[in-house]
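Peer 1: I am sharing input-v4.txt, which consists of compact mmCIF, C-alpha atoms and all ligand atoms:
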# COMPACT_ATOMS: atom_id res chain seq x y z
CA MET A 282 31.71 15.32 24.35
CA SER A 283 28.96 13.75 26.49
CA GLN A 284 26.91 10.84 25.22
CA PRO A 285 23.26 11.40 24.18
CA SER A 286 20.78 10.60 26.93
CA GLU A 287 18.23 7.83 26.58
CA LEU A 288 15.51 10.36 25.73
CA ALA A 289 17.47 11.44 22.65
CA LEU A 290 17.60 7.98 21.14
CA VAL A 291 14.97 6.79 18.66
CA PRO A 292 14.71 3.19 17.39
CA PHE A 293 15.56 3.14 13.67
CA VAL A 294 14.75 0.24 11.32
CA SER A 295 17.08 0.33 8.32
CA VAL A 296 16.35 -1.46 5.05
CA ALA A 297 18.77 -4.23 6.11
CA ASN A 298 16.97 -4.66 9.43
CA MET A 299 13.51 -4.56 7.79
CA MET A 300 14.63 -7.37 5.48
CA ARG A 301 15.96 -9.35 8.48
CA LEU A 302 12.70 -8.82 10.37
CA VAL A 303 10.45 -9.83 7.45
CA MET A 304 12.54 -12.85 6.46
CA SER A 305 12.87 -14.08 10.06
CA LEU A 306 9.08 -14.02 10.53
CA GLY A 307 8.29 -14.99 6.91
CA PRO A 308 6.65 -12.55 4.43
CA GLU A 309 3.27 -14.35 4.57
CA GLN A 310 3.19 -14.23 8.37
CA VAL A 311 4.02 -10.51 8.23
CA LEU A 312 1.24 -9.92 5.67
CA ALA A 313 -1.27 -11.78 7.85
CA ASP A 314 -0.20 -9.82 10.95
CA LEU A 315 -0.27 -6.50 9.09
CA ALA A 316 -3.78 -7.26 7.81
CA ARG A 317 -4.88 -7.79 11.41
CA TYR A 318 -3.40 -4.45 12.52
CA ILE A 319 -5.01 -2.67 9.54
CA GLU A 320 -8.39 -4.30 10.16
CA ASP A 321 -8.24 -3.35 13.86
CA ASP A 322 -7.53 0.28 12.94
CA PHE A 323 -10.22 0.41 10.21
CA ARG A 324 -12.71 -0.84 12.80
CA ARG A 325 -11.94 2.18 15.02
CA TRP A 326 -11.87 4.64 12.08
CA PRO A 327 -13.71 7.52 13.84
CA GLU A 328 -10.92 7.70 16.47
CA PHE A 329 -8.39 8.98 13.89
CA ASP A 330 -7.50 12.48 12.69
CA LYS A 331 -7.90 12.23 8.93
CA THR A 332 -6.89 14.37 5.98
CA PRO A 333 -6.19 13.66 2.30
CA ARG A 334 -2.43 13.31 1.87
CA VAL A 335 -0.41 16.40 1.05
CA ALA A 336 0.89 15.97 -2.50
CA SER A 337 3.54 17.92 -4.39
CA HIS A 338 3.16 17.18 -8.09
CA SER A 339 5.80 17.68 -10.78
CA ARG A 340 6.07 16.72 -14.44
CA ASP A 341 7.64 13.33 -13.67
CA GLY A 342 6.02 12.32 -10.40
CA VAL A 343 4.70 13.17 -6.99
CA ILE A 344 6.09 13.47 -3.44
CA GLU A 345 3.56 13.01 -0.67
CA LEU A 346 3.25 13.29 3.11
CA MET A 347 0.64 11.05 4.75
CA PRO A 348 -0.17 11.98 8.36
CA THR A 349 -2.73 10.64 10.82
CA ALA A 350 -3.09 10.28 14.61
CA ASP A 351 -5.16 8.61 17.30
CA ALA A 352 -5.15 9.64 20.98
CA GLU A 353 -1.87 7.83 21.65
CA ASN A 354 0.28 8.02 18.52
CA TYR A 355 0.95 10.26 15.55
CA GLY A 356 2.35 8.78 12.34
CA PHE A 357 3.41 10.01 8.93
CA LYS A 358 4.95 8.58 5.80
CA TYR A 359 7.06 10.32 3.17
CA VAL A 360 6.49 8.59 -0.18
CA ASN A 361 7.16 9.31 -3.85
CA GLY A 362 5.65 8.01 -7.08
CA HIS A 363 7.76 8.46 -10.24
CA PRO A 364 6.61 6.07 -13.02
CA LYS A 365 9.60 6.81 -15.31
CA ASN A 366 12.17 6.16 -12.57
CA THR A 367 12.72 2.49 -13.39
CA HIS A 368 14.16 3.47 -16.82
CA SER A 369 17.09 5.15 -15.06
CA GLY A 370 17.65 2.60 -12.28
CA TYR A 371 15.53 4.32 -9.62
CA GLN A 372 12.37 2.78 -8.13
CA THR A 373 8.87 4.13 -8.83
CA VAL A 374 7.96 4.20 -5.12
CA THR A 375 10.22 4.76 -2.08
CA ALA A 376 9.23 5.70 1.46
CA PHE A 377 10.17 6.16 5.08
CA GLY A 378 8.06 7.00 8.11
CA VAL A 379 7.86 8.07 11.72
CA LEU A 380 5.66 7.09 14.68
CA SER A 381 5.50 9.50 17.63
CA SER A 382 4.04 9.73 21.10
CA VAL A 383 1.11 12.15 21.16
CA ALA A 384 1.74 12.75 24.88
CA THR A 385 5.30 14.12 24.46
CA GLY A 386 5.55 14.71 20.71
CA TYR A 387 8.77 12.65 20.72
CA PRO A 388 9.30 10.14 17.88
CA ILE A 389 9.29 6.52 19.07
CA LEU A 390 10.16 4.91 15.70
CA LEU A 391 11.87 5.91 12.45
CA THR A 392 11.77 3.26 9.75
CA GLU A 393 12.33 2.50 6.12
CA MET A 394 8.94 2.12 4.44
CA THR A 395 9.70 1.13 0.84
CA ILE A 396 9.43 -2.57 1.67
CA LEU A 397 6.85 -1.81 4.34
CA THR A 398 4.65 0.07 1.84
CA ALA A 399 4.65 -2.89 -0.53
CA LEU A 400 3.69 -5.14 2.38
CA ARG A 401 0.98 -2.84 3.78
CA THR A 402 -0.52 -2.18 0.32
CA ALA A 403 -0.69 -5.90 -0.35
CA ALA A 404 -2.05 -6.67 3.13
CA THR A 405 -4.81 -4.07 2.62
CA SER A 406 -5.67 -5.52 -0.81
CA GLY A 407 -5.81 -9.08 0.52
CA LEU A 408 -7.87 -7.99 3.51
CA VAL A 409 -10.36 -6.17 1.27
CA GLY A 410 -10.39 -9.23 -1.00
CA ARG A 411 -11.61 -11.29 1.96
CA TYR A 412 -14.70 -9.08 2.17
CA LEU A 413 -15.33 -8.60 -1.57
CA ALA A 414 -13.89 -11.44 -3.68
CA PRO A 415 -16.43 -13.94 -4.99
CA GLU A 416 -16.77 -17.13 -3.01
CA GLY A 417 -14.52 -19.92 -4.27
CA ALA A 418 -12.20 -17.56 -6.19
CA GLU A 419 -9.12 -19.47 -7.33
CA VAL A 420 -7.47 -17.46 -10.10
CA MET A 421 -6.11 -13.91 -10.06
CA ALA A 422 -5.02 -11.89 -13.09
CA MET A 423 -2.20 -9.44 -12.33
CA ILE A 424 -1.66 -6.63 -14.81
CA GLY A 425 1.54 -4.75 -14.04
CA ASN A 426 4.35 -6.99 -12.80
CA GLY A 427 6.67 -4.45 -11.17
CA ALA A 428 7.78 -3.97 -7.58
CA GLN A 429 4.37 -4.45 -5.92
CA CYS A 430 3.34 -7.56 -7.88
CA GLU A 431 4.79 -10.41 -5.82
CA PHE A 432 3.69 -8.82 -2.54
CA GLN A 433 0.12 -8.60 -3.84
CA ALA A 434 0.21 -12.26 -4.90
CA LEU A 435 1.48 -13.44 -1.50
CA ALA A 436 -1.19 -11.40 0.31
CA PHE A 437 -3.97 -12.90 -1.81
CA ARG A 438 -2.63 -16.38 -1.10
CA VAL A 439 -2.40 -15.96 2.66
CA LEU A 440 -5.63 -13.97 3.03
CA CYS A 441 -7.86 -15.31 0.22
CA GLY A 442 -6.36 -18.70 -0.69
CA ILE A 443 -5.37 -17.74 -4.27
CA ASN A 444 -2.58 -19.88 -5.72
CA ARG A 445 -3.15 -19.55 -9.50
CA LEU A 446 -1.95 -16.39 -11.26
CA ARG A 447 -2.17 -15.00 -14.79
CA LEU A 448 0.47 -12.32 -15.33
CA HIS A 449 0.75 -9.55 -17.90
CA ASP A 450 2.99 -6.49 -18.26
CA ILE A 451 3.73 -4.33 -21.30
CA ASP A 452 7.36 -5.16 -20.55
CA PRO A 453 7.84 -8.95 -20.92
CA ALA A 454 11.00 -8.73 -18.77
CA ALA A 455 8.85 -7.62 -15.82
CA THR A 456 6.51 -10.58 -16.33
CA ALA A 457 9.47 -12.97 -16.59
CA LYS A 458 10.91 -11.56 -13.32
CA ALA A 459 7.58 -11.88 -11.48
CA ALA A 460 6.92 -15.38 -12.88
CA ARG A 461 10.35 -16.55 -11.72
CA ASN A 462 9.89 -15.11 -8.22
CA LEU A 463 6.35 -16.39 -7.85
CA ARG A 464 7.04 -19.92 -9.12
CA ALA A 465 9.82 -20.07 -6.54
CA GLN A 466 7.14 -19.30 -3.94
CA GLY A 467 5.03 -22.24 -5.16
CA PHE A 468 2.46 -20.38 -7.28
CA GLU A 469 0.99 -21.80 -10.47
CA VAL A 470 1.78 -19.05 -13.00
CA VAL A 471 0.67 -18.40 -16.59
CA GLU A 472 2.48 -15.63 -18.49
CA CYS A 473 0.10 -13.79 -20.82
CA ALA A 474 0.89 -11.70 -23.90
CA SER A 475 -2.06 -9.34 -23.37
CA ALA A 476 -4.25 -8.04 -20.57
CA GLN A 477 -7.23 -9.49 -22.40
CA THR A 478 -5.69 -12.99 -22.20
CA ALA A 479 -4.67 -12.48 -18.58
CA VAL A 480 -8.21 -11.81 -17.36
CA GLU A 481 -9.64 -14.95 -19.00
CA GLY A 482 -10.95 -17.27 -16.29
CA ALA A 483 -9.86 -14.97 -13.44
CA GLN A 484 -12.26 -14.20 -10.60
CA ILE A 485 -9.98 -11.47 -9.22
CA ILE A 486 -8.18 -8.85 -11.33
CA THR A 487 -5.36 -6.81 -9.83
CA THR A 488 -4.20 -3.79 -11.81
CA CYS A 489 -0.83 -2.62 -10.55
CA THR A 490 0.68 -0.53 -13.34
CA ALA A 491 2.61 2.74 -13.21
CA ASP A 492 2.03 5.39 -15.83
CA LYS A 493 1.66 9.14 -15.34
CA GLN A 494 -1.50 9.39 -17.43
CA ASN A 495 -5.08 8.19 -17.71
CA ALA A 496 -4.36 4.73 -19.12
CA THR A 497 -6.86 2.04 -20.11
CA VAL A 498 -5.38 -1.06 -18.59
CA LEU A 499 -8.83 -2.65 -18.29
CA SER A 500 -11.63 -1.86 -20.73
CA ASP A 501 -15.28 -2.52 -20.04
CA ASN A 502 -15.56 -5.59 -22.29
CA MET A 503 -12.79 -7.33 -20.30
CA VAL A 504 -14.75 -7.38 -17.03
CA GLY A 505 -17.36 -10.10 -16.62
CA ALA A 506 -20.05 -10.48 -13.97
CA GLY A 507 -18.98 -11.50 -10.48
CA VAL A 508 -15.38 -10.34 -10.74
CA HIS A 509 -13.52 -8.50 -7.96
CA ILE A 510 -11.15 -5.79 -9.22
CA ASN A 511 -8.26 -4.72 -7.00
CA ALA A 512 -7.15 -1.47 -8.67
CA ILE A 513 -3.87 -0.32 -7.13
CA GLY A 514 -2.10 1.82 -9.72
CA GLY A 515 -4.59 4.69 -10.23
CA ASP A 516 -3.58 6.82 -7.28
CA CYS A 517 -2.92 10.37 -8.47
CA PRO A 518 -4.82 13.11 -10.31
CA GLY A 519 -4.60 12.25 -14.03
CA LYS A 520 -3.33 8.69 -13.31
CA THR A 521 -6.01 6.01 -13.72
CA GLU A 522 -6.18 2.45 -15.05
CA LEU A 523 -9.83 1.62 -15.70
CA GLN A 524 -12.21 2.67 -18.44
CA CYS A 525 -14.93 4.65 -16.68
CA ASP A 526 -17.77 2.40 -17.98
CA ILE A 527 -16.46 -0.26 -15.57
CA LEU A 528 -17.08 2.09 -12.65
CA SER A 529 -20.70 2.56 -13.68
CA ARG A 530 -21.28 -1.23 -13.57
CA ALA A 531 -19.35 -1.89 -10.35
CA SER A 532 -19.95 -1.45 -6.64
CA VAL A 533 -17.03 0.77 -5.65
CA PHE A 534 -15.33 0.47 -2.25
CA VAL A 535 -12.84 3.05 -1.02
CA GLU A 536 -10.59 3.94 1.89
CA TYR A 537 -11.20 7.66 2.55
CA PRO A 538 -13.59 9.31 0.05
CA PRO A 539 -12.13 12.87 0.24
CA GLN A 540 -8.75 11.48 -0.89
CA THR A 541 -10.06 8.87 -3.33
CA ARG A 542 -12.25 11.40 -5.15
CA ILE A 543 -9.06 13.37 -5.93
CA GLU A 544 -6.72 10.45 -6.65
CA GLY A 545 -8.62 7.24 -7.38
CA GLU A 546 -10.41 5.78 -10.38
CA ILE A 547 -13.52 7.69 -9.30
CA GLN A 548 -11.82 11.01 -10.21
CA GLN A 549 -13.36 10.15 -13.62
CA MET A 550 -16.88 10.25 -12.14
CA PRO A 551 -19.14 13.04 -10.82
CA GLU A 552 -18.50 14.33 -7.26
CA ASP A 553 -21.54 12.50 -5.88
CA PHE A 554 -20.72 9.11 -7.46
CA PRO A 555 -21.79 6.53 -4.83
CA VAL A 556 -19.05 4.69 -2.96
CA THR A 557 -18.92 2.48 0.13
CA GLU A 558 -16.34 3.12 2.84
CA LEU A 559 -14.40 -0.01 3.72
CA TRP A 560 -14.20 0.72 7.44
CA GLN A 561 -17.99 0.43 7.59
CA VAL A 562 -17.86 -2.92 5.81
CA MET A 563 -15.21 -4.18 8.23
CA LEU A 564 -17.29 -2.97 11.16
CA GLY A 565 -20.29 -4.90 9.78
CA ALA A 566 -22.35 -1.68 9.48
CA VAL A 567 -22.83 -2.08 5.70
CA PRO A 568 -22.52 -5.17 3.51
CA GLY A 569 -19.57 -6.00 1.24
CA ARG A 570 -20.42 -8.29 -1.67
CA THR A 571 -24.15 -9.09 -1.73
CA ASP A 572 -24.54 -10.93 -5.04
CA PRO A 573 -22.38 -13.50 -6.86
CA ARG A 574 -22.85 -11.58 -10.15
CA GLN A 575 -21.91 -8.21 -8.64
CA ILE A 576 -18.70 -6.57 -9.88
CA THR A 577 -16.84 -5.27 -6.83
CA LEU A 578 -14.03 -2.74 -7.17
CA PHE A 579 -11.50 -1.73 -4.54
CA ASP A 580 -10.43 1.70 -5.79
CA SER A 581 -7.17 1.65 -3.79
CA VAL A 582 -5.08 4.80 -3.42
CA GLY A 583 -3.39 3.99 -0.09
CA PHE A 584 -4.46 5.90 3.01
CA ALA A 585 -2.44 7.15 5.99
CA ILE A 586 -4.18 4.86 8.50
CA GLU A 587 -2.73 1.81 6.68
CA ASP A 588 0.75 3.27 7.20
CA PHE A 589 -0.06 4.07 10.82
CA SER A 590 -1.06 0.40 11.30
CA ALA A 591 2.18 -0.69 9.64
CA LEU A 592 4.24 1.63 11.87
CA ARG A 593 2.40 0.34 14.94
CA TYR A 594 3.10 -3.23 13.79
CA VAL A 595 6.84 -2.61 13.31
CA HIS A 596 7.06 -0.81 16.66
CA ASP A 597 5.59 -3.90 18.35
CA ALA A 598 7.51 -6.43 16.22
CA ILE A 599 11.00 -5.06 16.98
CA LYS A 600 10.49 -4.91 20.77
CA ASP A 601 11.89 -8.32 21.61
CA GLY A 602 14.60 -8.57 18.97
CA ASP A 603 17.63 -6.81 17.56
CA CYS A 604 16.22 -5.63 14.22
CA TYR A 605 16.83 -1.96 14.99
CA GLU A 606 19.50 0.45 16.11
CA LEU A 607 19.22 3.55 18.25
CA LEU A 608 19.69 6.87 16.46
CA ASP A 609 20.68 10.10 18.14
CA ILE A 610 18.17 12.31 16.29
CA LEU A 611 16.72 14.44 19.11
CA ALA A 612 18.77 17.12 20.82
CA ASP A 613 18.17 16.47 24.54
CA PRO A 614 19.83 18.96 26.93
CA ASP A 615 20.15 18.01 30.65
CA ASP A 616 18.15 21.15 31.40
CA PRO A 617 15.34 21.07 28.79
CA ARG A 618 15.49 24.87 28.50
CA ASP A 619 19.26 25.09 28.03
CA LEU A 620 19.54 24.01 24.39
CA PHE A 621 22.04 26.81 23.73
CA GLY A 622 24.18 25.78 26.70
CA MET A 623 24.27 22.22 25.37
CA LEU A 624 25.48 23.53 22.03
CA THR A 625 28.21 25.78 23.40
CA ARG A 626 29.45 23.16 25.90
CA SER A 627 29.90 20.69 23.01
CA ALA A 628 32.81 22.66 21.53
N1 LIG A 701 -2.77 2.03 -3.89
C1 LIG A 701 -1.69 1.99 -3.15
O1 LIG A 701 -1.77 1.95 -1.91
C2 LIG A 701 -0.36 1.94 -3.81
C3 LIG A 701 0.78 1.65 -3.05
C4 LIG A 701 2.01 1.53 -3.70
C5 LIG A 701 2.08 1.73 -5.08
N2 LIG A 701 0.93 2.05 -5.77
C6 LIG A 701 0.97 2.24 -7.22
O2 LIG A 701 1.06 0.94 -7.80
C7 LIG A 701 1.65 1.06 -9.09
C8 LIG A 701 2.72 0.01 -9.27
O3 LIG A 701 3.80 0.32 -8.40
P1 LIG A 701 5.18 -0.47 -8.55
O4 LIG A 701 6.02 -0.03 -7.40
O5 LIG A 701 4.92 -1.92 -8.77
O6 LIG A 701 5.69 0.20 -9.92
P2 LIG A 701 6.76 -0.40 -10.98
O7 LIG A 701 7.17 0.75 -11.82
O8 LIG A 701 7.79 -1.20 -10.27
O9 LIG A 701 5.88 -1.42 -11.86
C9 LIG A 701 4.85 -1.01 -12.70
C10 LIG A 701 4.76 -1.96 -13.88
O10 LIG A 701 3.62 -1.59 -14.69
C11 LIG A 701 3.94 -1.86 -16.03
N3 LIG A 701 2.98 -1.16 -16.89
C12 LIG A 701 2.87 0.18 -17.13
N4 LIG A 701 1.82 0.42 -17.95
C13 LIG A 701 1.23 -0.77 -18.19
C14 LIG A 701 0.11 -1.19 -18.96
N5 LIG A 701 -0.64 -0.31 -19.62
N6 LIG A 701 -0.22 -2.51 -19.00
C15 LIG A 701 0.54 -3.43 -18.32
N7 LIG A 701 1.63 -3.10 -17.60
C16 LIG A 701 1.97 -1.80 -17.53
C17 LIG A 701 5.38 -1.42 -16.15
O11 LIG A 701 6.03 -2.00 -17.28
C18 LIG A 701 5.97 -1.90 -14.81
O12 LIG A 701 6.54 -3.20 -14.91
C19 LIG A 701 2.18 2.48 -9.19
O13 LIG A 701 1.30 3.22 -10.02
C20 LIG A 701 2.15 2.99 -7.77
O14 LIG A 701 1.97 4.38 -7.71
C21 LIG A 701 -0.27 2.14 -5.17
Is it possible to express this structure as structure tokens?
Ligand SMILES: NC(=O)c1ccc[n+]([C@@H]2O[C@H](COP(=O)([O-])OP(=O)(O)OC[C@H]3O[C@@H](n4cnc5c(N)ncnc54)[C@H](O)[C@@H]3O)[C@@H](O)[C@H]2O)c1
Peer 2:
Amino acid sequence: MSQPSELALVPFVSVANMMRLVMSLGPEQVLADLARYIEDDFRRWPEFDKTPRVASHSRDGVIELMPTADAENYGFKYVNGHPKNTHSGYQTVTAFGVLSSVATGYPILLTEMTILTALRTAATSGLVGRYLAPEGAEVMAMIGNGAQCEFQALAFRVLCGINRLRLHDIDPAATAKAARNLRAQGFEVVECASAQTAVEGAQIITTCTADKQNATVLSDNMVGAGVHINAIGGDCPGKTELQCDILSRASVFVEYPPQTRIEGEIQQMPEDFPVTELWQVMLGAVPGRTDPRQITLFDSVGFAIEDFSALRYVHDAIKDGDCYELLDILADPDDPRDLFGMLTRSA
């Protein structure tokens, strides 16, 4: 049987190769680089095809496709969210994605995106924190100490200079795991028995819990003036973390309003609830934080352009190394119109 031609071969980044890539560059370097790619893409927001992600909901979770394209590339991510999974040894979130050439429609990258999603979510949060966190912020409370937690902490250190953390999770084993990992990375960590204790003295509050319901991870009385809230875990219809009174007091910043109104914390608010789009803040068209006493809220749901930036980053990052293999995933006949002949000749 003949060998696949060069056109048939697509670079593939496995989990093992993603780990090699990230650890060879250093996770903080990767987070800083990803933040730059994301910021560059947010600043050219109007150039992208945009749509809320396509979600398939079930009793236990959701499976989503997240597509977007500019003039040169098309990208999509497959991602799930199953909050009960960790009880049976599965992860809450897993993902993989594809980047393609718009000119030919051929894929130019297939990659694992479970690790990459944690990195891109954290890089986006840290980047947004640079625009919205109060000046001189030193302490971050982190409520929800699962898979995303350490990535978020590293991003806030490299992008916002945060080195002091106050951790809380309803499962003390999760807090112990995160505390161990984060102390090993040089963070000053306090383990807290309640969310109320965790937010004491924190200028930034990250909520990163997983629960398939409208939970109250943060109630109004826990949020003081001047705080920046980085709300990650409310990202599906019927899955929120904040008491709605907080939203009324905060300036709310979002990725893509048509998606966030369905999935974010603001699903609790009327359709015309005012929000600011982050791409406009990054472009300098509208201000971010304007007052030290203002409560800012990043109502994060995760948007396709962040994954596109991450795919673009990986595509560039693997060019000069060996952190990929070539996969024969496109049938490529010698005569492009003789697909059948290629099949019958293979016997
Ligand atoms: N916004 C985004 O771009 C984005 C990206 C990835 C994941 N997420 C979301 O972030 C959340 C966390 O993801 P993960 O992969 O870390 O999940 P995970 O299941 O690994 O961790 C979630 C943790 O939250 C804890 N928890 C649940 N309810 C809590 C509560 N009321 N108070 C304190 N802790 C609580 C759990 O015990 C668990 O340790 C998920 O909801 C996921 O859907 C959002």
Peer 1: Any idea what's packed within 6 Å of segment 572-585 of chain A, counting only C-alpha atoms, ignoring anything in its chain fewer than 2 positions away? Could you give it as an NGL selection string?
Peer 2: :A and (347-349 or 506-513 or 516 or 531-535 or 545 or 570 or 587-588)
Peer 1: Quick one: residues within 8 Å of ligand LIG 701 (chain A), with only C-alpha atoms and all ligand atoms, as a PyMOL selection string?
Peer 2: chain A and resi 362-367+372-374+398-399+401-402+424-430+449-452+455-456+476+489-493+496-498+512-517+520+522+580-584
Peer 1: Considering only C-alpha atoms, state which residue in the set A:Leu288, A:Ile610, A:Val409, A:Ala454 is at the smallest distance from Gln561 of chain A.
Peer 2: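 Smallest distance to Gln561 of chain A is found for A:Val409.
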Peer 1: Quick one: residues within 9 Å of Ile527 of chain A, all atoms listed in the file, excluding same-chain residues fewer than 6 positions away - as a PyMOL selection string?
Peer 2: chain A and resi 499-502+504+576
Peer 1: Between A:Ala414, A:Val595, A:Met421, A:Leu528, which is the closest to Gly569 of chain A once you count only C-alpha atoms?
Peer 2: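 Among the listed residues, the smallest separation from Gly569 of chain A belongs to A:Ala414.
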Peer 1: Record the distance separating atom CA of Gln524 of chain A and atom CA of Gln477 of chain A, expressed in Å with one decimal.
Peer 2: 13.7 Å
